[in-house]
Number of protein chains: 2
Amino acid sequence: MATIYEVSKLAGVSLATVSRVINNNAPVRQATRDKVEAAMRELGYRPNSAAQSLASQRANSIGILVSELHGPFYGVLLSRIEDEFRRAGKHVIIAAGHSDEALERESIEFLRSRNCDALILHVEAVSDEYLIELAADGCAFVLINRMVPQLADRCITLNNHHGGYLATRHMLEQGHRAIAYISGPMWKHDARERYKGHQQALAQFGVSENPALFFEGDFHETSGVEGLTALRAGAATFTALVCANDEMASGAMTAAHDLGVQVPQQLSIVGFDNVNFAHYTHPKLTTIDYPIGDIAQMAARWVLRNVYQHTNVAALQAVFEPKLVQRDSTCLLTAL
Amino acid sequence: MATIYEVSKLAGVSLATVSRVINNNAPVRQATRDKVEAAMRELGYRPNSAAQSLASQRANSIGILVSELHGPFYGVLLSRIEDEFRRAGKHVIIAAGHSDEALERESIEFLRSRNCDALILHVEAVSDEYLIELAADGCAFVLINRMVPQLADRCITLNNHHGGYLATRHMLEQGHRAIAYISGPMWKHDARERYKGHQQALAQFGVSENPALFFEGDFHETSGVEGLTALRAGAATFTALVCANDEMASGAMTAAHDLGVQVPQQLSIVGFDNVNFAHYTHPKLTTIDYPIGDIAQMAARWVLRNVYQHTNVAALQAVFEPKLVQRDSTCLLTAL
DNA sequence: TTGAAAGCGATACCAG
DNA sequence: CTGGTATCGCTTTCAA
């Protein structure tokens, strides 16, 4: 691999000049520039990014930490982030935290040891305190889907509360009053928020809560199956089911089918997230759209603006609003 | 950020010794090691990876280029690769090629300029010649799901031909003889291979091909809809449909539903890939399993062994075999 | 088992 | 507008 030194010799100029044309950050006479570029081309020169990083104290890399790399959700997250950074000549280093505290910390350390200029974190298990300390330690990062009040300026979130509200309100507006709920793991912040939104909608319509209509799932498909089965076996009857994410809604639909319950005629079901497979289900799933792509892009822009000082990026938005996507798994309550 | 120099001063040893304990690659007396480790801890020392890369000529990073970052397929690919490398202390840089020749080349250049030690490529648009040249140029890379004869030792593939064969043979064994086929874009190698497998199965059962039963799709869901619609409007009738991937199969199932065709009673449908949503469809999709996770892991091991000279990795396997996953979208042909 | 010193390939400041 | 040069933080001989 050719070095900048060889380029400078071939072009008959100094190291410094070659560096200037590479970075295009200082005036260089056109004729000189041409000579240098010709030399670079002739040698097939490609700058050594390690040397650049070392000398400039910039890695031009951003670390991304998500819970899982597979799954319908994080794919679009990564996709949008990569897209945004590629345009800016930055690259993206990825790691998975698997919703485990130790793994998340280790992954963050891993990314930091890689000298990333910034981190984009989607973490669930580490504590607020840890993150606050991380910030105090001078680590540049932005948080996705998590609100830490002390770190508010680096949080980009979805209004989960409102999403939960919309889901349940939709059922209420369809005439349903007996509404079951399968939540995510309640230690997760977003699961709690979504549930609170559900409660708010119930309260607004004067419907009192019934513990027999609540099931705590784990955001996985199987717990949707378990949830519906358990709820049906329980003391209360219901005509609508709100699930805290699409996976569980899908599981519930499968269970309903196996139990001989018609969706939506006998049971309306709504999900949350609007992941890609939501319209592969049968009937197609009504759900709450989580604009994860937009959120991801915003996180990337936060980094561009706050870390790389790009001034031409669009204004930042901290909170995104979910919206209802009505498909075929919910319908008006009709007398049976 | 503390440097190795400060650590050495605090520990009262030389730079070289600190380096030795960091890399653990030369004998260091235990007492000395302890002193150094204490100093590192006290300073919160983290090695500067750019400096390490520059001095050692190793980036400890691997570039991954896939067509898309989203979609059900590449997620598990990335997940397995990251997992394997993380264990080895390497990190992964990602890029998307979007099945576009110019973008793929550009992405490869991008990754190379990042001085990755190796590349794992899932490329469809660049030519064999380009790849051969890349190899000749000294770039270490392994190819996923693509066979370039001159580069056979760095290709890890699925036996697509056999997969296509299995799908169609399954239909034939169920008694079907009028079998329609929706292919992927025929400029893609895997699409062609799958189709050839289909042809082989037909030939084996003495069934002659009928052009009216062939539709060329684009691997996307919509072309499954278009395909089934076009085929039904065509001259020939059929009781089975083989789709070259699950997305198109899902589209075809939707179209069948809209046309009032019962699956599988009136029409058996089989897909290919066994992506995550295959069991969210209704009925659950019979398909050909593509062990993408295993293939990804193998690619990572190829790199560990051939680039990083790890000798303790399991033996390498170049070709993986698909297998039929029977679910509910296919059934025995019954007289109507 | 340890230390001294020569790079690795760029950047960026200071002169001219 | 261009050149010289110190420097970035670490690895890796070579000697001791």
# chains A, B, ... in the order shown; residues from 1 in each chain; ligands from 1

call {"tool": "interface_residues", "arguments": {"of": "chain A", "to": "chain B", "cutoff": "8 Å", "atoms": "only C-alpha atoms", "output": "CSV table (one decimal) with N, CA and C atoms, in the first residue's frame"}}
result
chain,number,residue,atom,x,y,z
A,46,ARG,N,-4.6,5.0,-1.0
A,46,ARG,CA,-5.7,5.1,-0.1
A,46,ARG,C,-5.2,5.5,1.3
A,47,PRO,N,-5.7,6.6,1.8
A,47,PRO,CA,-5.2,7.0,3.1
A,47,PRO,C,-5.3,5.9,4.2
A,48,ASN,N,-4.4,5.8,5.1
A,48,ASN,CA,-4.4,4.8,6.2
A,48,ASN,C,-5.3,5.5,7.3
A,49,SER,N,-6.4,4.9,7.5
A,49,SER,CA,-7.3,5.5,8.5
A,49,SER,C,-6.8,5.5,9.9
A,50,ALA,N,-6.0,4.5,10.2
A,50,ALA,CA,-5.4,4.4,11.6
A,50,ALA,C,-4.5,5.6,11.8
A,51,ALA,N,-3.7,5.8,10.8
A,51,ALA,CA,-2.8,7.0,10.9
A,51,ALA,C,-3.5,8.3,11.0
A,53,SER,N,-6.5,8.7,12.1
A,53,SER,CA,-7.2,8.8,13.4
A,53,SER,C,-6.2,9.2,14.5
A,54,LEU,N,-5.0,8.6,14.4
A,54,LEU,CA,-4.0,8.9,15.5
A,54,LEU,C,-3.6,10.4,15.4
A,59,ALA,N,-11.7,9.4,15.1
A,59,ALA,CA,-11.7,8.1,14.5
A,59,ALA,C,-12.7,8.0,13.3
A,68,GLU,N,-30.5,-6.4,20.0
A,68,GLU,CA,-30.3,-7.6,19.1
A,68,GLU,C,-30.0,-7.1,17.7
A,69,LEU,N,-29.2,-7.8,17.0
A,69,LEU,CA,-28.9,-7.4,15.6
A,69,LEU,C,-30.0,-8.0,14.7
A,70,HIS,N,-30.6,-9.1,15.1
A,70,HIS,CA,-31.6,-9.7,14.2
A,70,HIS,C,-32.9,-9.1,14.7
A,71,GLY,N,-34.0,-9.6,14.2
A,71,GLY,CA,-35.3,-9.1,14.6
A,71,GLY,C,-35.6,-7.9,13.6
A,72,PRO,N,-36.9,-7.7,13.5
A,72,PRO,CA,-37.4,-6.8,12.5
A,72,PRO,C,-37.1,-5.4,12.8
A,74,TYR,N,-34.4,-3.7,14.7
A,74,TYR,CA,-33.1,-3.1,14.7
A,74,TYR,C,-32.5,-3.0,13.3
A,75,GLY,N,-33.0,-3.8,12.4
A,75,GLY,CA,-32.5,-3.7,11.0
A,75,GLY,C,-32.8,-2.4,10.4
A,76,VAL,N,-33.9,-1.9,10.6
A,76,VAL,CA,-34.2,-0.5,9.9
A,76,VAL,C,-33.5,0.5,10.7
A,77,LEU,N,-33.3,0.3,12.0
A,77,LEU,CA,-32.5,1.2,12.8
A,77,LEU,C,-31.1,1.4,12.2
A,78,LEU,N,-30.4,0.3,12.1
A,78,LEU,CA,-29.1,0.2,11.6
A,78,LEU,C,-29.0,0.8,10.2
A,79,SER,N,-30.0,0.4,9.4
A,79,SER,CA,-30.0,0.8,8.0
A,79,SER,C,-30.0,2.3,7.9
A,82,GLU,N,-26.6,3.9,9.2
A,82,GLU,CA,-25.5,3.7,8.3
A,82,GLU,C,-25.6,4.6,7.1
A,91,HIS,N,-18.0,5.8,9.5
A,91,HIS,CA,-18.4,4.4,9.5
A,91,HIS,C,-18.9,4.0,10.8
A,92,VAL,N,-19.6,2.9,10.8
A,92,VAL,CA,-20.4,2.4,11.9
A,92,VAL,C,-19.9,1.1,12.4
A,93,ILE,N,-19.7,1.0,13.7
A,93,ILE,CA,-19.2,-0.2,14.3
A,93,ILE,C,-20.4,-0.7,15.2
A,94,ILE,N,-20.7,-2.0,15.1
A,94,ILE,CA,-21.9,-2.5,15.7
A,94,ILE,C,-21.6,-3.4,16.9
A,95,ALA,N,-22.5,-3.5,17.8
A,95,ALA,CA,-22.4,-4.4,18.9
A,95,ALA,C,-23.8,-4.7,19.4
A,96,ALA,N,-23.9,-5.9,20.0
A,96,ALA,CA,-25.2,-6.3,20.5
A,96,ALA,C,-25.1,-6.4,22.0
A,113,SER,N,-13.3,1.4,23.7
A,113,SER,CA,-11.9,1.1,23.5
A,113,SER,C,-11.6,1.2,22.0
A,114,ARG,N,-12.6,1.2,21.2
A,114,ARG,CA,-12.4,1.4,19.7
A,114,ARG,C,-12.3,2.8,19.4
A,115,ASN,N,-12.3,3.7,20.4
A,115,ASN,CA,-12.1,5.1,20.2
A,115,ASN,C,-13.2,5.7,19.2
A,250,SER,N,-48.9,-11.2,17.5
A,250,SER,CA,-48.9,-12.3,16.5
A,250,SER,C,-49.1,-13.7,17.3
A,277,PHE,N,-43.4,-7.6,9.7
A,277,PHE,CA,-44.2,-8.7,9.4
A,277,PHE,C,-45.7,-8.5,9.8
A,280,TYR,N,-48.0,-9.4,7.3
A,280,TYR,CA,-48.0,-10.8,6.8
A,280,TYR,C,-49.0,-11.6,7.7
A,281,THR,N,-49.4,-11.1,8.8
A,281,THR,CA,-50.3,-11.9,9.6
A,281,THR,C,-51.6,-12.0,9.0
A,282,HIS,N,-52.4,-12.9,9.5
A,282,HIS,CA,-53.8,-13.0,8.9
A,282,HIS,C,-54.8,-13.1,10.1

call {"tool": "residues_around", "arguments": {"residues": "DT2 in chain C", "least_positions_apart": "3", "cutoff": "9 Å", "atoms": "only C-alpha atoms (C1' of nucleotides)", "output": "PyMOL selection string"}}
result
(chain B and resi 13-14+16-17+28) or (chain D and resi 16)

call {"tool": "write_last_selection", "arguments": {"atoms": "C-alpha atoms (C1' of nucleotides)", "output": "short mmCIF file (atom, residue, chain, number, x, y, z; two decimals), in the first residue's frame"}}
result
data_model
loop_
_atom_site.label_atom_id
_atom_site.label_comp_id
_atom_site.auth_asym_id
_atom_site.auth_seq_id
_atom_site.Cartn_x
_atom_site.Cartn_y
_atom_site.Cartn_z
CA VAL B 13 8.51 0.29 34.23
CA SER B 14 9.16 0.89 30.55
CA ALA B 16 7.66 -1.93 26.30
CA THR B 17 6.73 -3.75 29.44
CA VAL B 28 6.53 -10.68 32.21
"C1'" DA D 16 21.39 -5.89 28.01
#

call {"tool": "interface_residues", "arguments": {"of": "chain C", "to": "chain A", "cutoff": "6 Å", "atoms": "only C-alpha atoms (C1' of nucleotides)", "output": "number ranges by chain"}}
result
C: 9-11

call {"tool": "write_last_selection", "arguments": {"atoms": "C-alpha atoms (C1' of nucleotides)", "output": "compact mmCIF listing (two decimals), in the first residue's frame"}}
result
# COMPACT_ATOMS: atom_id res chain seq x y z
C1' DG C 9 1.40 7.00 8.21
C1' DA C 10 -0.87 10.61 8.71
C1' DT C 11 -2.03 15.86 10.69

call {"tool": "interface_residues", "arguments": {"of": "chain D", "to": "chain B", "cutoff": "7 Å", "atoms": "only C-alpha atoms (C1' of nucleotides)", "output": "count of residues only"}}
result
3

call {"tool": "calpha_fit_and_write", "arguments": {"fixed": "chain B", "moving": "chain A", "output": "short mmCIF file (atom, residue, chain, number, x, y, z; two decimals) with C-alpha atoms, in the first residue's frame"}}
result
data_model
loop_
_atom_site.label_atom_id
_atom_site.label_comp_id
_atom_site.auth_asym_id
_atom_site.auth_seq_id
_atom_site.Cartn_x
_atom_site.Cartn_y
_atom_site.Cartn_z
CA MET A 1 -7.47 9.67 28.23
CA ALA A 2 -4.41 8.12 29.79
CA THR A 3 -1.67 6.85 27.52
CA ILE A 4 0.62 3.91 27.82
CA TYR A 5 3.34 6.34 28.78
CA GLU A 6 1.53 7.56 31.85
CA VAL A 7 0.82 4.01 32.86
CA SER A 8 4.48 3.11 32.56
CA LYS A 9 5.50 6.08 34.68
CA LEU A 10 2.98 5.34 37.37
CA ALA A 11 3.95 1.69 37.45
CA GLY A 12 7.62 2.51 37.37
CA VAL A 13 8.35 0.34 34.36
CA SER A 14 9.07 0.92 30.70
CA LEU A 15 6.69 1.44 27.84
CA ALA A 16 7.65 -1.89 26.42
CA THR A 17 6.68 -3.73 29.55
CA VAL A 18 3.27 -2.15 29.66
CA SER A 19 2.76 -3.16 26.08
CA ARG A 20 3.71 -6.69 26.99
CA VAL A 21 1.15 -6.97 29.70
CA ILE A 22 -1.52 -5.46 27.48
CA ASN A 23 -0.87 -7.94 24.75
CA ASN A 24 0.19 -10.71 26.99
CA ASN A 25 2.59 -11.89 24.34
CA ALA A 26 5.88 -12.04 26.20
CA PRO A 27 6.96 -13.23 29.61
CA VAL A 28 6.47 -10.68 32.40
CA ARG A 29 7.14 -11.36 36.06
CA GLN A 30 3.90 -11.61 38.01
CA ALA A 31 4.87 -8.85 40.41
CA THR A 32 5.59 -6.50 37.53
CA ARG A 33 2.37 -7.43 35.85
CA ASP A 34 0.45 -6.66 39.00
CA LYS A 35 2.01 -3.23 39.28
CA VAL A 36 1.15 -2.43 35.70
CA GLU A 37 -2.38 -3.66 35.99
CA ALA A 38 -2.89 -1.63 39.12
CA ALA A 39 -1.64 1.46 37.32
CA MET A 40 -3.92 0.81 34.36
CA ARG A 41 -6.87 0.45 36.63
CA GLU A 42 -6.02 3.56 38.57
CA LEU A 43 -5.80 5.62 35.42
CA GLY A 44 -8.79 4.02 33.77
CA TYR A 45 -6.46 3.25 30.91
CA ARG A 46 -7.84 2.00 27.61
CA PRO A 47 -5.49 1.37 24.71
CA ASN A 48 -5.87 3.65 21.72
CA SER A 49 -6.90 1.35 18.95
CA ALA A 50 -5.76 3.70 16.21
CA ALA A 51 -2.26 3.72 17.60
CA GLN A 52 -2.35 -0.02 17.98
CA SER A 53 -3.46 -0.48 14.43
CA LEU A 54 -0.85 1.84 13.10
CA ALA A 55 1.98 0.22 14.98
CA SER A 56 0.89 -3.34 14.49
CA GLN A 57 -0.45 -3.04 10.96
CA ARG A 58 -3.60 -4.80 12.13
CA ALA A 59 -6.91 -3.05 12.39
CA ASN A 60 -8.65 -5.86 14.21
CA SER A 61 -11.71 -4.95 12.26
CA ILE A 62 -13.66 -6.80 9.64
CA GLY A 63 -15.85 -5.15 7.05
CA ILE A 64 -19.21 -6.66 6.23
CA LEU A 65 -21.03 -5.75 3.08
CA VAL A 66 -24.59 -6.94 2.60
CA SER A 67 -27.32 -5.94 0.20
CA GLU A 68 -29.62 -4.53 2.83
CA LEU A 69 -29.30 -4.00 6.53
CA HIS A 70 -32.99 -4.40 7.12
CA GLY A 71 -35.03 -7.35 6.09
CA PRO A 72 -35.32 -10.63 7.89
CA PHE A 73 -32.33 -12.15 6.26
CA TYR A 74 -29.31 -10.04 6.95
CA GLY A 75 -30.14 -9.51 10.58
CA VAL A 76 -29.25 -13.03 11.53
CA LEU A 77 -26.25 -12.86 9.24
CA LEU A 78 -24.86 -9.87 11.06
CA SER A 79 -25.82 -11.21 14.41
CA ARG A 80 -23.85 -14.41 14.02
CA ILE A 81 -20.84 -12.71 12.56
CA GLU A 82 -20.69 -10.10 15.27
CA ASP A 83 -21.02 -12.75 17.89
CA GLU A 84 -18.18 -14.79 16.55
CA PHE A 85 -15.82 -11.86 16.19
CA ARG A 86 -16.62 -10.23 19.46
CA ARG A 87 -15.37 -13.29 21.22
CA ALA A 88 -12.12 -12.82 19.37
CA GLY A 89 -11.89 -9.14 20.25
CA LYS A 90 -12.44 -8.02 16.69
CA HIS A 91 -15.04 -5.57 15.62
CA VAL A 92 -17.31 -5.34 12.71
CA ILE A 93 -17.87 -2.45 10.33
CA ILE A 94 -20.97 -2.58 8.21
CA ALA A 95 -22.06 -1.24 4.88
CA ALA A 96 -24.98 -1.79 2.55
CA GLY A 97 -24.62 -2.37 -1.18
CA HIS A 98 -28.29 -2.30 -2.18
CA SER A 99 -27.70 -4.80 -5.00
CA ASP A 100 -26.32 -2.00 -7.11
CA GLU A 101 -23.04 -2.39 -8.93
CA ALA A 102 -21.74 1.12 -8.38
CA LEU A 103 -22.80 1.09 -4.75
CA GLU A 104 -21.24 -2.27 -4.14
CA ARG A 105 -17.91 -1.18 -5.55
CA GLU A 106 -18.02 2.04 -3.64
CA SER A 107 -18.83 0.19 -0.45
CA ILE A 108 -15.95 -2.16 -0.95
CA GLU A 109 -13.64 0.80 -1.47
CA PHE A 110 -15.08 2.41 1.59
CA LEU A 111 -14.40 -0.66 3.67
CA ARG A 112 -10.91 -1.06 2.27
CA SER A 113 -10.08 2.54 3.02
CA ARG A 114 -10.99 1.69 6.57
CA ASN A 115 -8.11 -0.75 6.51
CA CYS A 116 -10.21 -3.70 7.48
CA ASP A 117 -8.14 -6.82 7.93
CA ALA A 118 -10.71 -8.73 5.94
CA LEU A 119 -14.03 -8.32 4.21
CA ILE A 120 -17.07 -10.54 4.25
CA LEU A 121 -19.03 -9.85 1.12
CA HIS A 122 -22.56 -10.64 0.14
CA VAL A 123 -22.58 -9.01 -3.26
CA GLU A 124 -24.76 -9.62 -6.24
CA ALA A 125 -24.11 -6.89 -8.73
CA VAL A 126 -20.34 -6.71 -9.17
CA SER A 127 -18.80 -8.99 -11.76
CA ASP A 128 -16.71 -12.05 -11.17
CA GLU A 129 -13.83 -10.26 -12.86
CA TYR A 130 -13.97 -7.43 -10.41
CA LEU A 131 -13.78 -9.86 -7.53
CA ILE A 132 -10.92 -11.76 -9.08
CA GLU A 133 -9.04 -8.54 -9.51
CA LEU A 134 -9.80 -7.57 -5.96
CA ALA A 135 -8.30 -10.81 -4.78
CA ALA A 136 -5.26 -10.33 -6.99
CA ASP A 137 -4.86 -6.91 -5.46
CA GLY A 138 -4.24 -8.57 -2.12
CA CYS A 139 -7.57 -7.84 -0.49
CA ALA A 140 -8.54 -10.56 1.95
CA PHE A 141 -12.19 -11.40 1.62
CA VAL A 142 -14.66 -14.21 1.71
CA LEU A 143 -17.76 -14.48 -0.44
CA ILE A 144 -21.14 -15.49 0.89
CA ASN A 145 -23.76 -17.11 -1.27
CA ARG A 146 -21.78 -16.80 -4.44
CA MET A 147 -19.50 -19.15 -6.28
CA VAL A 148 -16.70 -17.78 -8.38
CA PRO A 149 -14.75 -20.80 -9.61
CA GLN A 150 -11.41 -18.99 -9.61
CA LEU A 151 -12.05 -17.98 -6.03
CA ALA A 152 -13.53 -21.24 -4.88
CA ASP A 153 -11.47 -21.38 -1.71
CA ARG A 154 -13.07 -18.20 -0.46
CA CYS A 155 -16.67 -18.97 -1.32
CA ILE A 156 -19.21 -20.15 1.20
CA THR A 157 -22.44 -21.05 -0.43
CA LEU A 158 -25.79 -22.66 -0.14
CA ASN A 159 -26.68 -25.41 -2.54
CA ASN A 160 -29.42 -23.37 -4.15
CA HIS A 161 -29.85 -25.87 -6.91
CA HIS A 162 -30.70 -28.60 -4.48
CA GLY A 163 -33.03 -26.29 -2.59
CA GLY A 164 -35.00 -25.58 -5.72
CA TYR A 165 -35.05 -29.26 -6.39
CA LEU A 166 -36.38 -30.06 -2.92
CA ALA A 167 -39.16 -27.53 -3.16
CA THR A 168 -40.48 -28.85 -6.42
CA ARG A 169 -39.91 -32.48 -5.53
CA HIS A 170 -42.02 -31.94 -2.45
CA MET A 171 -44.88 -30.80 -4.63
CA LEU A 172 -44.40 -33.70 -7.00
CA GLU A 173 -44.40 -36.15 -4.13
CA GLN A 174 -47.67 -34.67 -2.97
CA GLY A 175 -49.11 -35.66 -6.29
CA HIS A 176 -48.98 -32.29 -8.01
CA ARG A 177 -48.10 -32.19 -11.68
CA ALA A 178 -49.27 -28.75 -12.73
CA ILE A 179 -46.71 -26.66 -10.86
CA ALA A 180 -46.24 -22.95 -11.40
CA TYR A 181 -43.01 -21.16 -10.59
CA ILE A 182 -42.28 -17.58 -9.58
CA SER A 183 -38.57 -16.98 -9.85
CA GLY A 184 -36.25 -14.29 -8.59
CA PRO A 185 -34.59 -11.93 -11.03
CA MET A 186 -32.77 -14.23 -13.40
CA TRP A 187 -29.66 -12.12 -13.52
CA LYS A 188 -29.03 -13.24 -9.97
CA HIS A 189 -27.06 -16.39 -9.68
CA ASP A 190 -29.06 -17.90 -6.85
CA ALA A 191 -32.34 -17.25 -8.63
CA ARG A 192 -31.05 -19.16 -11.64
CA GLU A 193 -29.78 -22.04 -9.56
CA ARG A 194 -33.04 -22.43 -7.72
CA TYR A 195 -34.86 -22.52 -10.98
CA LYS A 196 -32.55 -25.15 -12.38
CA GLY A 197 -33.28 -27.31 -9.36
CA HIS A 198 -36.95 -26.93 -10.11
CA GLN A 199 -36.36 -28.05 -13.67
CA GLN A 200 -34.39 -31.04 -12.53
CA ALA A 201 -37.18 -32.23 -10.26
CA LEU A 202 -39.71 -31.84 -13.05
CA ALA A 203 -37.52 -33.81 -15.40
CA GLN A 204 -36.99 -36.53 -12.86
CA PHE A 205 -40.73 -36.99 -12.56
CA GLY A 206 -41.22 -36.83 -16.28
CA VAL A 207 -43.16 -33.59 -16.18
CA SER A 208 -42.55 -31.30 -19.10
CA GLU A 209 -42.10 -27.58 -18.61
CA ASN A 210 -44.80 -25.16 -19.55
CA PRO A 211 -43.78 -21.54 -20.20
CA ALA A 212 -47.25 -20.43 -19.16
CA LEU A 213 -46.43 -21.62 -15.66
CA PHE A 214 -43.36 -19.44 -15.26
CA PHE A 215 -43.21 -15.90 -13.93
CA GLU A 216 -40.07 -13.91 -13.26
CA GLY A 217 -40.38 -11.90 -10.08
CA ASP A 218 -37.93 -9.68 -8.23
CA PHE A 219 -37.77 -11.40 -4.83
CA HIS A 220 -40.11 -8.78 -3.35
CA GLU A 221 -43.52 -9.42 -1.93
CA THR A 222 -45.37 -7.43 -4.55
CA SER A 223 -44.04 -9.54 -7.35
CA GLY A 224 -45.58 -12.54 -5.60
CA VAL A 225 -48.93 -10.83 -5.86
CA GLU A 226 -48.32 -9.91 -9.47
CA GLY A 227 -46.98 -13.34 -10.24
CA LEU A 228 -49.92 -15.31 -8.97
CA THR A 229 -52.36 -12.90 -10.57
CA ALA A 230 -50.63 -13.16 -13.92
CA LEU A 231 -50.29 -16.92 -13.75
CA ARG A 232 -53.94 -17.36 -12.91
CA ALA A 233 -54.89 -15.15 -15.81
CA GLY A 234 -52.68 -17.21 -18.07
CA ALA A 235 -53.43 -20.17 -20.28
CA ALA A 236 -52.56 -22.96 -17.88
CA THR A 237 -54.14 -24.14 -14.64
CA PHE A 238 -52.07 -25.38 -11.72
CA THR A 239 -52.49 -26.82 -8.26
CA ALA A 240 -49.11 -25.95 -6.84
CA LEU A 241 -46.89 -22.90 -6.80
CA VAL A 242 -43.19 -22.82 -6.04
CA CYS A 243 -41.79 -19.42 -5.14
CA ALA A 244 -38.09 -18.64 -5.16
CA ASN A 245 -38.29 -16.90 -1.81
CA ASP A 246 -40.60 -16.39 1.15
CA GLU A 247 -41.47 -12.77 0.43
CA MET A 248 -42.92 -13.67 -2.92
CA ALA A 249 -44.65 -16.70 -1.42
CA SER A 250 -46.26 -14.43 1.11
CA GLY A 251 -47.40 -12.08 -1.62
CA ALA A 252 -48.80 -15.01 -3.52
CA MET A 253 -50.70 -16.16 -0.45
CA THR A 254 -52.22 -12.74 -0.06
CA ALA A 255 -53.21 -12.71 -3.71
CA ALA A 256 -54.67 -16.19 -3.42
CA HIS A 257 -56.74 -15.08 -0.49
CA ASP A 258 -58.01 -12.07 -2.41
CA LEU A 259 -58.85 -14.25 -5.40
CA GLY A 260 -60.80 -16.60 -3.19
CA VAL A 261 -58.35 -19.44 -3.70
CA GLN A 262 -57.93 -21.66 -0.64
CA VAL A 263 -54.39 -22.43 0.44
CA PRO A 264 -53.50 -25.24 0.57
CA GLN A 265 -56.74 -27.00 -0.35
CA GLN A 266 -56.92 -25.50 -3.82
CA LEU A 267 -53.36 -24.34 -4.17
CA SER A 268 -50.22 -25.53 -2.42
CA ILE A 269 -47.51 -22.93 -2.01
CA VAL A 270 -43.89 -23.38 -1.01
CA GLY A 271 -41.35 -20.64 -0.32
CA PHE A 272 -37.59 -20.48 0.06
CA ASP A 273 -35.30 -19.11 2.80
CA ASN A 274 -37.35 -19.80 5.91
CA VAL A 275 -37.13 -16.23 7.11
CA ASN A 276 -38.52 -15.34 10.48
CA PHE A 277 -41.96 -14.32 9.32
CA ALA A 278 -42.59 -17.59 7.52
CA HIS A 279 -44.54 -18.88 10.46
CA TYR A 280 -46.51 -15.68 10.89
CA THR A 281 -48.29 -16.24 7.63
CA HIS A 282 -51.60 -17.95 7.51
CA PRO A 283 -51.46 -20.79 6.84
CA LYS A 284 -47.91 -21.17 8.04
CA LEU A 285 -45.58 -21.34 5.11
CA THR A 286 -43.90 -24.52 3.99
CA THR A 287 -40.45 -23.52 2.84
CA ILE A 288 -36.82 -24.41 2.23
CA ASP A 289 -34.57 -23.62 5.14
CA TYR A 290 -31.56 -21.50 4.33
CA PRO A 291 -29.10 -21.92 7.20
CA ILE A 292 -27.87 -18.38 6.88
CA GLY A 293 -26.73 -18.22 10.48
CA ASP A 294 -24.44 -21.19 10.06
CA ILE A 295 -23.11 -19.79 6.83
CA ALA A 296 -22.39 -16.48 8.46
CA GLN A 297 -20.58 -18.13 11.30
CA MET A 298 -18.53 -20.11 8.84
CA ALA A 299 -17.53 -16.94 7.04
CA ALA A 300 -16.36 -15.48 10.32
CA ARG A 301 -14.34 -18.59 11.00
CA TRP A 302 -12.79 -18.43 7.59
CA VAL A 303 -11.49 -15.01 8.49
CA LEU A 304 -10.30 -16.07 11.90
CA ARG A 305 -8.37 -18.93 10.43
CA ASN A 306 -7.07 -17.49 7.19
CA VAL A 307 -6.46 -13.91 8.21
CA TYR A 308 -5.80 -14.02 11.92
CA GLN A 309 -4.21 -17.45 11.82
CA HIS A 310 -6.34 -18.79 14.62
CA THR A 311 -5.68 -22.47 14.65
CA ASN A 312 -8.33 -23.53 17.09
CA VAL A 313 -11.33 -22.85 14.89
CA ALA A 314 -13.43 -25.72 13.69
CA ALA A 315 -12.93 -27.06 10.19
CA LEU A 316 -14.30 -25.01 7.35
CA GLN A 317 -17.24 -26.04 5.26
CA ALA A 318 -17.80 -24.48 1.88
CA VAL A 319 -21.22 -25.65 0.80
CA PHE A 320 -24.29 -25.87 2.97
CA GLU A 321 -27.34 -27.94 2.27
CA PRO A 322 -30.87 -26.58 2.47
CA LYS A 323 -33.73 -28.66 3.73
CA LEU A 324 -37.48 -28.71 3.48
CA VAL A 325 -39.52 -27.34 6.36
CA GLN A 326 -43.01 -28.60 6.01
CA ARG A 327 -45.73 -26.45 7.48
CA ASP A 328 -49.30 -25.82 6.46
CA SER A 329 -49.26 -24.18 3.05
CA THR A 330 -48.83 -27.38 1.10
CA CYS A 331 -50.86 -30.58 1.05
CA LEU A 332 -51.59 -33.68 -0.93
CA LEU A 333 -53.27 -33.13 -4.22
CA THR A 334 -56.85 -34.30 -3.95
CA ALA A 335 -59.37 -34.63 -6.68
CA LEU A 336 -61.50 -31.53 -6.78
#

call {"tool": "select_by_dssp", "arguments": {"residues": "range 86-335 of chain A", "states": "strand (DSSP E or B)", "output": "MDAnalysis selection string"}}
result
chainID A and resid 91:96 118:121 141:144 155:158 179:183 214:216 240:243 268:270 273 286:289 319:320 323:325

call {"tool": "select_by_dssp", "arguments": {"residues": "range 237-274 of chain A", "states": "helix (DSSP H, G or I)", "output": "list of chain:residue names"}}
result
A:Asp246, A:Glu247, A:Met248, A:Ala249, A:Ser250, A:Gly251, A:Ala252, A:Met253, A:Thr254, A:Ala255, A:Ala256, A:His257, A:Asp258

call {"tool": "atom_distance", "arguments": {"atom1": "C1' of DC8 in chain C", "atom2": "C1' of DT2 in chain D"}}
result
25.3 Å

call {"tool": "residues_around", "arguments": {"residues": "DG16 in chain C", "least_positions_apart": "2", "cutoff": "12 Å", "atoms": "only C-alpha atoms (C1' of nucleotides)", "output": "compact mmCIF listing (two decimals) with C-alpha atoms (C1' of nucleotides), in the first residue's frame"}}
result
# COMPACT_ATOMS: atom_id res chain seq x y z
C1' DC C 14 5.05 27.51 12.07
C1' DC D 1 0.17 28.82 -1.46
C1' DT D 2 3.90 25.47 0.02
C1' DG D 3 7.51 23.03 2.87
C1' DG D 4 9.69 21.37 7.20
